[in-house]
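Q: Can you read through this structure? Questions will come right after.
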Amino acid sequence: MPAIDLDAVRSQVSMEHVLTLLGFVPSHRRDNYLRGPCPVHGSRRPQSRTFWADLTTHRYGCFKCHSTGRHIDLWAAVHGLTAHAAAKDLCLRLGLRIPWLASHRSPQNLA
């Protein structure tokens, strides 16, 4: 399977894109910092503030399930995917070109 340029996906996809696709509704917002129910462990209380997301740094975390990472990691954690599969899925859902990495093998090395 060809590799995906994860840095290119991270630059094209924002935390806001991921949260919107997840249907996340924050219970508290201060500038670009959101708090609310955790989409990873599926907290149900709308007033919950265990989950946080920073729209500027594209990072997230949960004080209850301890899931943490960047926006592609969030998509992967919620859907049980690898980072590669999550990046590909996000590109497809958002209508973005998948940034495949060129193979490091030259035709001479294939013999």
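Numbering starts fresh at 1 for the residues of each chain in the structure tokens, the chains themselves are lettered A, B, ... in the order given, and ligands are numbered from 1 as they appear.
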For region 9-20 of chain A, find every residue with an atom within 10 Å (counting only C-alpha atoms), except residues of its own chain fewer than 4 positions away, and show them as a VMD selection string.

A: chain A and resid 4 to 5 24 to 26 32 39 53 to 60 70 to 72 74 to 75 87 to 88 90 to 91 94 96 to 100

Q: If you run DSSP on this backbone, which residues of chain A come out as strand (DSSP E or B), and could you give them as a PDB file with C-alpha atoms, in the first residue's frame?

A:
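File produced: result_39.pdb:
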ATOM      1  CA  ILE A   4       0.343   9.009   2.509  1.00  0.00           C
ATOM      2  CA  HIS A  28     -17.757  25.558  26.671  1.00  0.00           C
ATOM      3  CA  ARG A  29     -15.655  27.718  24.353  1.00  0.00           C
ATOM      4  CA  ARG A  30     -12.910  30.217  25.081  1.00  0.00           C
ATOM      5  CA  TYR A  33     -10.153  26.272  22.997  1.00  0.00           C
ATOM      6  CA  LEU A  34     -13.209  24.006  23.203  1.00  0.00           C
ATOM      7  CA  ARG A  35     -14.463  21.717  25.981  1.00  0.00           C
ATOM      8  CA  GLY A  36     -17.261  19.179  25.846  1.00  0.00           C
ATOM      9  CA  PHE A  51     -12.713  16.563  26.422  1.00  0.00           C
ATOM     10  CA  TRP A  52     -10.736  19.542  25.165  1.00  0.00           C
ATOM     11  CA  ALA A  53      -9.647  20.595  21.683  1.00  0.00           C
ATOM     12  CA  ASP A  54      -7.373  23.438  20.643  1.00  0.00           C
ATOM     13  CA  ARG A  59      -4.437  18.991  19.529  1.00  0.00           C
ATOM     14  CA  TYR A  60      -7.006  17.276  21.749  1.00  0.00           C
ATOM     15  CA  GLY A  61      -7.198  15.346  24.981  1.00  0.00           C
ATOM     16  CA  CYS A  62      -9.629  13.735  27.389  1.00  0.00           C
ATOM     17  CA  THR A  68      -4.654  12.551  23.318  1.00  0.00           C
ATOM     18  CA  GLY A  69      -3.047  13.613  20.067  1.00  0.00           C
ATOM     19  CA  ARG A  70      -3.624  15.655  16.960  1.00  0.00           C
ATOM     20  CA  TRP A 100       0.440   9.948  -1.887  1.00  0.00           C
TER      21      TRP A 100
END

Q: Taking only C-alpha atoms into account, name the residue in A:Leu21, A:Val78, A:Ala83, A:Ala8 that is nearest to Gly42 (chain A).

A: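 Smallest separation from Gly42 (chain A) among the options: A:Val78.
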
Q: Looking at A:Gln47, A:Pro37, A:Thr82, A:Leu101, which one is nearest to Asp7 (chain A), with distances taken over only C-alpha atoms?

A: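 For Asp7 (chain A), the nearest of the candidates is A:Leu101.
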
Q: For a quick check of understanding, using only C-alpha atoms, which of A:Ala3, A:Gly95, A:Arg45, A:Gly80 has the smallest distance to Ser27 (chain A)?

A: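 Using only C-alpha atoms, the shortest distance to Ser27 (chain A) belongs to A:Arg45.
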
Q: Measuring atom to atom with only C-alpha atoms, identify which of A:Arg44, A:Arg93, A:Leu6, A:Ala102 is nearest to Asp73 (chain A).

A: A:Leu6
